[in-house]
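**Student:** entry_12.tsv (TSV, C-alpha atoms and all ligand atoms) pasted underneath:
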chain	number	residue	atom	x	y	z
A	1258	MET	CA	14.50	3.60	12.62
A	1259	LYS	CA	13.42	0.65	10.55
A	1260	ILE	CA	15.87	-1.20	8.41
A	1261	ILE	CA	13.87	-1.28	5.25
A	1262	TYR	CA	15.45	-0.28	2.05
A	1263	LEU	CA	13.25	0.77	-0.73
A	1264	LEU	CA	14.85	1.85	-3.91
A	1265	ALA	CA	12.05	3.02	-6.04
A	1266	TYR	CA	11.06	6.19	-7.69
A	1267	ILE	CA	7.59	5.79	-9.04
A	1268	MET	CA	5.18	7.80	-11.11
A	1269	ILE	CA	1.57	7.31	-11.88
A	1270	MET	CA	1.27	8.80	-15.32
A	1271	SER	CA	3.74	8.57	-18.11
A	1272	VAL	CA	2.47	11.90	-19.39
A	1273	CYS	CA	4.31	13.58	-16.57
A	1274	THR	CA	7.73	14.83	-17.48
A	1275	PHE	CA	9.71	16.78	-14.99
A	1276	SER	CA	10.90	19.81	-16.86
A	1277	LEU	CA	12.56	21.34	-13.88
A	1278	SER	CA	14.87	23.61	-15.75
A	1279	GLY	CA	13.89	27.19	-15.25
A	1280	CYS	CA	12.71	26.65	-11.69
A	1281	ASN	CA	16.00	27.47	-10.07
A	1282	ARG	CA	17.29	30.95	-9.77
A	1283	SER	CA	20.31	31.95	-7.84
A	1284	GLY	CA	19.72	34.14	-4.83
A	1285	THR	CA	18.41	33.81	-1.34
A	1286	ALA	CA	15.01	32.50	-0.39
A	1287	ASP	CA	13.29	35.17	1.63
A	1288	VAL	CA	11.63	32.88	4.13
A	1289	GLU	CA	11.56	32.89	7.86
A	1290	VAL	CA	11.32	29.72	9.81
A	1291	ALA	CA	8.49	28.88	12.13
A	1292	PRO	CA	10.43	26.15	13.97
A	1293	GLU	CA	12.77	27.05	16.78
A	1294	ASP	CA	15.98	26.67	14.78
A	1295	ASN	CA	16.48	28.15	11.37
A	1296	VAL	CA	17.01	25.55	8.71
A	1297	PRO	CA	19.49	26.68	6.12
A	1298	ILE	CA	17.54	26.98	2.89
A	1299	ASN	CA	19.36	25.76	-0.16
A	1300	SER	CA	19.36	29.06	-1.94
A	1301	ASN	CA	21.04	27.75	-5.04
A	1302	PRO	CA	19.76	24.21	-5.50
A	1303	THR	CA	21.28	22.10	-8.17
A	1304	LYS	CA	19.09	20.81	-10.93
A	1305	ILE	CA	18.17	17.23	-10.14
A	1306	PRO	CA	19.55	14.61	-12.47
A	1307	ASP	CA	17.12	12.37	-14.28
A	1308	SER	CA	15.86	10.30	-11.40
A	1309	GLY	CA	13.95	7.74	-13.41
A	1310	LEU	CA	10.62	9.26	-12.48
A	1311	HIS	CA	9.26	8.85	-15.96
A	1312	GLY	CA	7.58	6.11	-17.80
A	1313	LYS	CA	5.24	4.17	-15.53
A	1314	GLN	CA	1.78	3.88	-17.00
A	1315	ASP	CA	-0.17	3.16	-13.85
A	1316	TRP	CA	0.61	3.13	-10.22
A	1317	ASP	CA	0.92	-0.38	-8.97
A	1318	SER	CA	2.66	-1.77	-5.87
A	1319	SER	CA	4.60	-4.22	-8.01
A	1320	ASN	CA	6.47	-1.19	-9.31
A	1321	ILE	CA	8.23	-0.88	-5.99
A	1322	GLU	CA	11.53	-2.69	-6.08
A	1323	LEU	CA	13.14	-3.58	-2.78
A	1324	ASP	CA	16.85	-3.23	-2.96
A	1325	SER	CA	17.93	-5.85	-0.47
A	1326	ASP	CA	21.60	-5.33	-1.26
A	1327	ILE	CA	21.71	-2.09	0.58
A	1328	HIS	CA	21.88	-2.48	4.34
A	1329	ASP	CA	22.55	0.83	5.90
A	1330	ALA	CA	20.79	1.32	9.23
A	1331	GLU	CA	21.27	5.07	8.98
A	1332	ILE	CA	19.10	5.43	5.92
A	1333	ILE	CA	15.68	6.95	6.66
A	1334	THR	CA	12.91	5.85	4.33
A	1335	ILE	CA	10.41	8.45	3.19
A	1336	GLY	CA	7.30	8.07	1.05
A	1337	PHE	CA	6.09	11.30	-0.53
A	1338	VAL	CA	2.69	11.51	-2.19
A	1339	GLN	CA	2.82	14.65	-4.30
A	1340	VAL	CA	-0.25	16.37	-5.79
A	1341	GLY	CA	0.92	16.23	-9.40
A	1342	HIS	CA	2.83	18.40	-11.83
A	1343	GLU	CA	0.13	20.93	-12.69
A	1344	SER	CA	2.10	24.12	-12.18
A	1345	ALA	CA	5.51	25.77	-12.12
A	1346	TRP	CA	5.03	26.14	-8.37
A	1347	ARG	CA	4.51	22.39	-8.04
A	1348	GLU	CA	7.68	21.64	-9.97
A	1349	ALA	CA	9.64	23.91	-7.64
A	1350	ALA	CA	8.09	22.16	-4.61
A	1351	THR	CA	8.91	18.71	-6.02
A	1352	GLU	CA	12.46	19.72	-6.73
A	1353	SER	CA	12.84	21.01	-3.20
A	1354	VAL	CA	11.65	17.68	-1.74
A	1355	LEU	CA	13.89	15.60	-4.02
A	1356	ASP	CA	16.83	17.83	-3.25
A	1357	THR	CA	16.24	17.79	0.50
A	1358	PHE	CA	15.61	14.06	0.93
A	1359	SER	CA	18.50	12.91	-1.20
A	1360	ARG	CA	20.64	9.81	-0.79
A	1361	ASP	CA	23.57	12.04	0.14
A	1362	ASN	CA	21.54	13.49	2.98
A	1363	GLY	CA	20.78	10.00	4.30
A	1364	TYR	CA	17.32	9.38	2.84
A	1365	GLU	CA	15.72	6.83	0.60
A	1366	LEU	CA	12.85	8.71	-0.98
A	1367	MET	CA	9.94	7.06	-2.73
A	1368	PHE	CA	8.02	9.57	-4.76
A	1369	ILE	CA	4.54	9.43	-6.22
A	1370	ASP	CA	3.18	11.98	-8.66
A	1371	SER	CA	-0.58	11.59	-8.16
A	1372	ASP	CA	-1.44	13.58	-11.28
A	1373	ASN	CA	-4.19	15.39	-9.38
A	1374	ASN	CA	-6.07	12.14	-8.81
A	1375	SER	CA	-7.13	12.07	-5.19
A	1376	ASP	CA	-8.02	8.36	-5.13
A	1377	TYR	CA	-4.65	7.40	-6.56
A	1378	GLN	CA	-2.96	9.59	-4.01
A	1379	LYS	CA	-4.68	7.90	-1.07
A	1380	GLN	CA	-4.09	4.45	-2.54
A	1381	ALA	CA	-0.40	5.26	-2.97
A	1382	ALA	CA	-0.17	6.52	0.60
A	1383	MET	CA	-1.71	3.25	1.83
A	1384	GLN	CA	0.79	1.29	-0.21
A	1385	PHE	CA	3.68	3.21	1.35
A	1386	ILE	CA	2.30	2.52	4.81
A	1387	GLU	CA	2.13	-1.21	4.03
A	1388	GLN	CA	5.82	-1.03	3.07
A	1389	LYS	CA	6.50	0.25	6.61
A	1390	ILE	CA	8.47	3.29	5.59
A	1391	ASP	CA	9.74	5.53	8.38
A	1392	TYR	CA	7.93	8.71	7.36
A	1393	LEU	CA	5.06	9.52	5.05
A	1394	ILE	CA	4.85	13.05	3.62
A	1395	ILE	CA	1.45	14.00	2.23
A	1396	ASP	CA	0.67	17.03	0.08
A	1397	PRO	CA	-3.08	16.42	-0.03
A	1398	ILE	CA	-4.86	17.23	-3.28
A	1399	VAL	CA	-8.07	17.73	-1.33
A	1400	THR	CA	-8.61	18.30	2.37
A	1401	GLY	CA	-11.16	15.51	2.88
A	1402	GLY	CA	-11.22	11.71	3.02
A	1403	TRP	CA	-7.91	11.01	4.73
A	1404	ASP	CA	-9.17	9.26	7.89
A	1405	ASN	CA	-8.39	5.70	6.78
A	1406	VAL	CA	-4.91	6.61	5.59
A	1407	LEU	CA	-4.05	8.48	8.78
A	1408	LYS	CA	-5.45	5.70	10.95
A	1409	ALA	CA	-3.49	3.06	9.04
A	1410	ALA	CA	-0.31	5.11	9.40
A	1411	LYS	CA	-0.78	5.43	13.14
A	1412	GLU	CA	-1.41	1.73	13.54
A	1413	ALA	CA	1.66	0.88	11.49
A	1414	GLY	CA	3.84	3.36	13.39
A	1415	VAL	CA	4.53	5.40	10.27
A	1416	LYS	CA	4.99	9.06	11.16
A	1417	VAL	CA	3.10	11.48	8.94
A	1418	PHE	CA	4.03	15.00	7.91
A	1419	VAL	CA	1.67	17.19	5.92
A	1420	ILE	CA	3.16	19.73	3.52
A	1421	ASP	CA	1.62	22.67	1.59
A	1422	ARG	CA	-2.13	21.90	1.56
A	1423	THR	CA	-3.93	20.83	4.72
A	1424	ILE	CA	-6.08	17.87	5.76
A	1425	ASP	CA	-9.39	18.03	7.64
A	1426	CYS	CA	-8.49	15.93	10.65
A	1427	ASP	CA	-7.46	16.06	14.27
A	1428	GLU	CA	-3.89	17.32	14.46
A	1429	SER	CA	-2.91	14.37	16.65
A	1430	MET	CA	-3.01	12.30	13.43
A	1431	TYR	CA	0.21	13.86	12.09
A	1432	GLU	CA	3.52	15.14	13.44
A	1433	ALA	CA	3.36	18.62	11.92
A	1434	TRP	CA	2.23	20.63	8.92
A	1435	PHE	CA	4.39	23.13	7.04
A	1436	GLY	CA	2.97	25.38	4.35
A	1437	SER	CA	1.23	28.58	3.40
A	1438	ASP	CA	-1.51	30.59	5.04
A	1439	PHE	CA	-3.88	30.42	2.08
A	1440	GLU	CA	-6.61	32.44	3.75
A	1441	ALA	CA	-4.14	35.22	4.55
A	1442	GLU	CA	-2.98	35.15	0.90
A	1443	GLY	CA	-6.58	35.74	-0.20
A	1444	GLU	CA	-6.95	38.55	2.31
A	1445	ALA	CA	-3.71	40.12	1.10
A	1446	ALA	CA	-5.09	40.20	-2.45
A	1447	GLY	CA	-8.31	41.83	-1.21
A	1448	ALA	CA	-6.46	44.41	0.88
A	1449	TRP	CA	-4.19	45.25	-2.06
A	1450	LEU	CA	-7.13	45.66	-4.47
A	1451	GLU	CA	-8.86	47.98	-2.03
A	1452	ALA	CA	-5.75	50.15	-1.69
A	1453	TYR	CA	-5.03	50.05	-5.45
A	1454	LEU	CA	-8.54	51.17	-6.42
A	1455	LYS	CA	-8.35	53.95	-3.85
A	1456	ASP	CA	-5.06	55.15	-5.30
A	1457	LYS	CA	-6.70	55.24	-8.76
A	1458	GLY	CA	-9.70	57.19	-7.40
A	1459	ARG	CA	-11.96	54.23	-8.23
A	1460	GLU	CA	-12.99	53.28	-4.70
A	1461	LYS	CA	-16.65	54.21	-5.32
A	1462	GLU	CA	-16.90	52.68	-8.81
A	1463	ASP	CA	-18.81	49.45	-9.41
A	1464	ILE	CA	-16.20	46.73	-9.75
A	1465	SER	CA	-16.93	43.37	-11.38
A	1466	ILE	CA	-14.77	40.41	-10.39
A	1467	VAL	CA	-14.30	36.85	-11.65
A	1468	THR	CA	-12.18	34.15	-10.07
A	1469	VAL	CA	-10.34	31.43	-11.95
A	1470	ALA	CA	-10.10	29.14	-8.95
A	1471	GLY	CA	-7.85	26.25	-8.00
A	1472	THR	CA	-8.80	22.60	-7.64
A	1473	LYS	CA	-12.15	22.06	-5.97
A	1474	GLY	CA	-11.77	20.77	-2.42
A	1475	SER	CA	-8.14	21.85	-2.12
A	1476	ALA	CA	-7.00	23.86	0.88
A	1477	ALA	CA	-5.35	26.41	-1.42
A	1478	ARG	CA	-8.62	27.17	-3.21
A	1479	LYS	CA	-10.73	27.18	-0.05
A	1480	GLY	CA	-8.35	29.50	1.80
A	1481	ARG	CA	-7.80	31.98	-1.03
A	1482	THR	CA	-11.52	32.21	-1.75
A	1483	LYS	CA	-12.37	32.61	1.92
A	1484	GLY	CA	-9.77	35.34	2.44
A	1485	PHE	CA	-10.66	37.34	-0.68
A	1486	SER	CA	-14.40	37.00	0.02
A	1487	LYS	CA	-14.00	39.02	3.21
A	1488	TYR	CA	-13.10	42.02	1.03
A	1489	ILE	CA	-15.97	41.39	-1.39
A	1490	LYS	CA	-18.35	41.48	1.58
A	1491	LYS	CA	-16.70	44.60	2.96
A	1492	ASN	CA	-16.96	46.54	-0.33
A	1493	ASP	CA	-20.59	46.95	-1.41
A	1494	ASN	CA	-19.57	48.15	-4.85
A	1495	TRP	CA	-17.59	44.96	-5.64
A	1496	THR	CA	-19.58	42.22	-7.38
A	1497	LYS	CA	-18.27	38.71	-7.82
A	1498	LEU	CA	-19.72	37.52	-11.12
A	1499	ALA	CA	-18.43	33.97	-11.01
A	1500	GLU	CA	-15.84	31.54	-9.67
A	1501	LYS	CA	-14.88	28.47	-11.72
A	1502	ASP	CA	-12.42	25.64	-11.29
A	1503	GLY	CA	-9.26	26.25	-13.31
A	1504	GLU	CA	-7.50	23.24	-11.74
A	1505	PHE	CA	-4.32	25.29	-11.21
A	1506	THR	CA	-3.34	24.75	-14.86
A	1507	LYS	CA	-2.66	27.11	-17.75
A	1508	GLU	CA	-4.97	25.19	-20.12
A	1509	SER	CA	-7.96	25.32	-17.76
A	1510	GLY	CA	-7.18	28.92	-16.84
A	1511	LYS	CA	-7.41	29.87	-20.50
A	1512	ARG	CA	-10.61	27.87	-21.07
A	1513	ILE	CA	-12.36	29.36	-18.03
A	1514	MET	CA	-11.28	32.88	-18.96
A	1515	GLU	CA	-12.65	32.40	-22.49
A	1516	GLU	CA	-15.98	31.36	-20.97
A	1517	PHE	CA	-15.98	34.41	-18.69
A	1518	ILE	CA	-15.24	36.75	-21.61
A	1519	ILE	CA	-18.08	35.29	-23.70
A	1520	LYS	CA	-20.51	35.54	-20.78
A	1521	TYR	CA	-19.55	38.87	-19.21
A	1522	GLY	CA	-17.55	40.84	-21.79
A	1523	LYS	CA	-15.54	43.50	-19.99
A	1524	ILE	CA	-14.54	42.47	-16.49
A	1525	ASP	CA	-12.80	44.84	-14.08
A	1526	VAL	CA	-10.82	42.34	-12.03
A	1527	VAL	CA	-9.64	38.79	-12.76
A	1528	VAL	CA	-8.35	36.83	-9.77
A	1529	CYS	CA	-6.42	33.68	-10.68
A	1530	HIS	CA	-5.63	31.22	-7.92
A	1531	ASN	CA	-2.19	30.51	-9.33
A	1532	ASP	CA	0.32	31.73	-11.88
A	1533	ASN	CA	-0.32	29.03	-14.47
A	1534	GLU	CA	-4.00	29.95	-14.56
A	1535	ALA	CA	-3.01	33.61	-14.91
A	1536	TRP	CA	-0.83	32.77	-17.93
A	1537	GLY	CA	-3.80	30.98	-19.50
A	1538	ALA	CA	-6.11	33.90	-18.68
A	1539	MET	CA	-3.61	36.29	-20.28
A	1540	GLU	CA	-3.73	34.30	-23.53
A	1541	ALA	CA	-7.54	34.40	-23.52
A	1542	LEU	CA	-7.56	38.15	-22.86
A	1543	ASP	CA	-4.95	38.73	-25.59
A	1544	GLU	CA	-6.97	36.72	-28.10
A	1545	ALA	CA	-10.13	38.65	-27.20
A	1546	GLY	CA	-8.29	41.96	-27.60
A	1547	ILE	CA	-8.92	42.96	-23.98
A	1548	THR	CA	-6.13	44.93	-22.32
A	1549	TYR	CA	-5.02	44.04	-18.82
A	1550	GLY	CA	-2.33	44.79	-16.26
A	1551	MET	CA	-0.78	48.24	-15.83
A	1552	GLY	CA	-2.84	50.76	-17.80
A	1553	GLY	CA	-5.19	48.04	-19.09
A	1554	ASP	CA	-8.95	47.63	-18.81
A	1555	THR	CA	-8.71	44.58	-16.55
A	1556	ILE	CA	-6.79	44.27	-13.30
A	1557	LEU	CA	-5.04	40.89	-13.10
A	1558	ILE	CA	-4.24	39.33	-9.71
A	1559	SER	CA	-2.37	36.06	-9.23
A	1560	PHE	CA	-0.94	33.81	-6.51
A	1561	ASP	CA	2.38	31.91	-6.27
A	1562	ALA	CA	4.82	34.55	-7.52
A	1563	VAL	CA	7.12	32.13	-9.33
A	1564	TYR	CA	9.96	33.67	-11.29
A	1565	GLU	CA	8.21	33.70	-14.67
A	1566	SER	CA	5.20	35.45	-13.20
A	1567	LEU	CA	7.30	38.06	-11.49
A	1568	GLU	CA	8.74	38.80	-14.94
A	1569	TYR	CA	5.13	39.49	-16.01
A	1570	VAL	CA	4.68	41.72	-12.96
A	1571	LEU	CA	7.85	43.56	-13.94
A	1572	SER	CA	6.55	44.09	-17.48
A	1573	GLY	CA	3.19	45.25	-16.06
A	1574	LYS	CA	1.09	42.36	-17.43
A	1575	ILE	CA	0.13	41.10	-13.96
A	1576	ASN	CA	-0.84	43.85	-11.51
A	1577	ALA	CA	-0.16	41.99	-8.28
A	1578	ASP	CA	1.08	38.54	-7.30
A	1579	PHE	CA	0.91	37.02	-3.82
A	1580	GLU	CA	3.58	34.54	-2.94
A	1581	CYS	CA	2.95	30.93	-2.04
A	1582	ASN	CA	6.33	29.58	-0.96
A	1583	PRO	CA	7.09	26.08	-2.33
A	1584	LEU	CA	10.23	25.50	-0.26
A	1585	SER	CA	8.81	23.77	2.82
A	1586	ALA	CA	10.78	20.52	2.55
A	1587	PRO	CA	13.83	21.69	4.56
A	1588	TYR	CA	11.54	22.44	7.51
A	1589	ILE	CA	10.18	18.92	7.43
A	1590	GLU	CA	13.71	17.59	7.28
A	1591	ASP	CA	14.56	19.64	10.34
A	1592	ALA	CA	11.55	18.16	12.13
A	1593	ILE	CA	12.57	14.62	11.15
A	1594	ARG	CA	16.07	15.23	12.47
A	1595	ARG	CA	14.52	16.36	15.73
A	1596	ILE	CA	12.45	13.22	16.02
A	1597	GLU	CA	15.40	10.99	15.10
A	1598	SER	CA	17.49	12.58	17.86
A	1599	GLY	CA	14.75	12.22	20.45
A	1600	ARG	CA	13.62	15.84	20.46
A	1601	HIS	CA	10.12	17.05	19.78
A	1602	VAL	CA	8.71	18.95	16.84
A	1603	VAL	CA	8.16	22.48	18.07
A	1604	SER	CA	4.79	23.25	16.63
A	1605	LYS	CA	2.04	21.41	14.73
A	1606	THR	CA	1.12	24.28	12.44
A	1607	ASN	CA	4.00	26.04	10.73
A	1608	TYR	CA	3.39	28.88	8.30
A	1609	ILE	CA	6.16	29.95	5.98
A	1610	ASP	CA	6.71	33.64	5.41
A	1611	GLU	CA	5.49	34.97	2.08
A	1612	ALA	CA	5.83	38.24	0.21
A	1613	CYS	CA	3.44	40.41	-1.82
A	1614	PHE	CA	4.44	41.86	-5.19
A	1615	GLN	CA	3.04	44.59	-7.43
A	1616	ALA	CA	3.77	46.16	-10.80
A	1617	GLU	CA	3.17	49.82	-9.93
A	1618	ASN	CA	4.83	51.51	-7.02
A	1619	ASN	CA	1.59	52.92	-5.62
A	1620	VAL	CA	0.58	50.71	-2.68
A	1621	TYR	CA	3.23	50.71	0.04
A	1622	THR	CA	1.84	48.53	2.79
A	1623	ILE	CA	-1.30	46.47	3.25
A	1624	GLU	CA	-2.99	45.48	6.48
A	1625	TYR	CA	-4.81	42.18	6.59
A	1626	ALA	CA	-5.23	39.11	8.81
A	1627	GLY	CA	-3.86	41.05	11.78
A	1628	ARG	CA	-0.58	41.89	10.09
A	1629	THR	CA	1.03	44.62	8.03
A	1630	SER	CA	2.94	43.62	4.89
A	1631	LYS	CA	5.10	45.63	2.57
A	1632	MET	CA	4.09	45.56	-1.11
A	1633	ILE	CA	7.26	44.89	-3.07
A	1634	THR	CA	7.38	46.62	-6.43
A	1635	VAL	CA	9.12	44.22	-8.79
A	1636	THR	CA	12.40	45.43	-10.28
A	1637	GLU	CA	15.28	43.61	-12.00
A	1638	GLN	CA	16.99	43.60	-8.62
A	1639	VAL	CA	14.00	41.88	-6.98
A	1640	LEU	CA	13.94	39.28	-9.75
A	1641	LYS	CA	17.61	38.51	-9.25
A	1642	SER	CA	17.03	37.79	-5.57
A	1643	ARG	CA	14.38	35.13	-6.16
A	1644	ALA	CA	15.10	31.49	-5.37
A	1645	TYR	CA	12.48	29.94	-7.65
A	1701	LIG	O1	-1.15	24.11	-3.05
A	1701	LIG	C1	-0.44	25.13	-3.62
A	1701	LIG	C2	-0.99	25.46	-4.98
A	1701	LIG	O2	-0.97	24.30	-5.79
A	1701	LIG	C3	-0.23	26.49	-5.76
A	1701	LIG	O3	-0.76	27.76	-5.68
A	1701	LIG	C4	-0.42	26.01	-7.15
A	1701	LIG	O4	0.39	26.60	-8.09
A	1701	LIG	C5	-0.27	24.57	-6.97
A	1701	LIG	O5	-0.52	23.80	-8.06
Could you render the structure from this file as structure tokens?

**Tutor:**
Amino acid sequence: MKIIYLLAYIMIMSVCTFSLSGCNRSGTADVEVAPEDNVPINSNPTKIPDSGLHGKQDWDSSNIELDSDIHDAEIITIGFVQVGHESAWREAATESVLDTFSRDNGYELMFIDSDNNSDYQKQAAMQFIEQKIDYLIIDPIVTGGWDNVLKAAKEAGVKVFVIDRTIDCDESMYEAWFGSDFEAEGEAAGAWLEAYLKDKGREKEDISIVTVAGTKGSAARKGRTKGFSKYIKKNDNWTKLAEKDGEFTKESGKRIMEEFIIKYGKIDVVVCHNDNEAWGAMEALDEAGITYGMGGDTILISFDAVYESLEYVLSGKINADFECNPLSAPYIEDAIRRIESGRHVVSKTNYIDEACFQAENNVYTIEYAGRTSKMITVTEQVLKSRAY
């Protein structure tokens, strides 16, 4: 372990404020662990205090202050380059990382909010590597263009973990990845829609579909589109009218949905690549006077399944929501502890278990990606059990 003490919490954009209230919910996280040992998930995380993450106009290495007064050889230094703060999901993921790699747990965490700017993110990662931190955690905005960063990390002896989204590279370039099976999430949505239409006696009807997609080049978008497309191919009567980049935000989700409504009028199915986009799409549909959700003209599908969205599933506004679990940080911490104690990280690719939710109690199980999953019909009880 290197004896370098970096006391800096940095942000790129001052526009980012971490409104983390509302992300935590008491209850137990329903995840299973891919690694050998189960890591206890903090099921009732405390709200993080103001960590001084606000206020920096531009990312700049001079913002990093070295605190030379602290000399504790046990402290492990971590640099985390986060995607941004575009969604409720992202806020929950950030909170999980900050909570996991806290001072009390023996970590000095340097945090970058890249504000969805891929160049900034890579530049920040390089800067962390130059500071010779112990571990670099990357949540890559896009899958491509990481070769120089990964090479520099290897040469500097900085161990890299990848969280949430994936990188296009040889897996020898990082210690391990922990995150979601995005392609399986897309397949789950397709399998559910198939079963739902069948239950409604609409399996032979022509079905028009639009997708409000996530950030171009991101693993989450690529996987969800790839998975769902398998079901579009399989069902001759399904037509995908369009897919447009909603950047995983509510504002873009609304704007894209407005464009779709103007161009296509009535649409049978709207697939949103995350909850924030779905909330934006809902506003656009409301303003256009188009009904959606349970009993509506348009079927609304979303991904993430954060608490607020599950409330919309409960009220029937969103028909189905496929979970993307933001609580991967404890698994990375477990892997770091392994490395620090001379053990090996069990597996390179580690998927976190995720659940599938629906408004109506009419689809019981779905089969996709070689697995069978239960569709959970959202009730007050289900809501109470959610961790985020
Ligand atoms: O990479 C995970 C995706 O990114 C989530 O679905 C979305 O909400 C986030 O912004």

**Student:** Output, as JSON, the centre and edge lengths in Å (one decimal) of the axis-aligned box that contains all listed atoms of ligand LIG 1701 (chain A) with 5 Å of margin on each side.

**Tutor:**
{"center_x": -0.4, "center_y": 25.8, "center_z": -5.6, "size_x": 11.5, "size_y": 14.0, "size_z": 15.0}

**Student:** Step by step, measure atom-to-atom distances between ligand LIG 1701 (chain A) and each residue using all atoms listed in the file, keep those at most 6 Å, then write them as a list in words.

**Tutor:**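 My answer, listing the contacting residues, is Glu1343, Ser1344, Trp1346, Arg1347, Asp1421, Arg1422, Ala1477, Phe1505, Asn1531 and Asp1561 of chain A.
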
**Student:** Compare A:Glu1624, A:Ile1466, A:Leu1584, A:Ala1577 by their minimum atom-to-atom distance to Val1527 in chain A, counting all atoms listed in the file, and give me the closest one.

**Tutor:**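 So, comparing all the options, the nearest one is A:Ile1466.
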
**Student:** Smallest atom-to-atom distance to Trp1536 in chain A: which of A:Ala1452, A:Ala1345, A:Gly1401, A:Glu1444, using all atoms listed in the file?

**Tutor:** A:Ala1345

**Student:** Using all atoms listed in the file, which of the listed residues (A:Phe1560, A:Leu1567, A:Glu1534, A:Tyr1549) sits closest to Glu1440 in chain A?

**Tutor:**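 Going through A:Phe1560, A:Leu1567, A:Glu1534, A:Tyr1549 one by one, the smallest distance to Glu1440 in chain A is for A:Phe1560.
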
**Student:** To one decimal place, how far is CA of Arg1512 in chain A from CA of Thr1548 in chain A in Å?

**Tutor:**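 Between CA of Arg1512 in chain A and CA of Thr1548 in chain A the gap is 17.7 Å.
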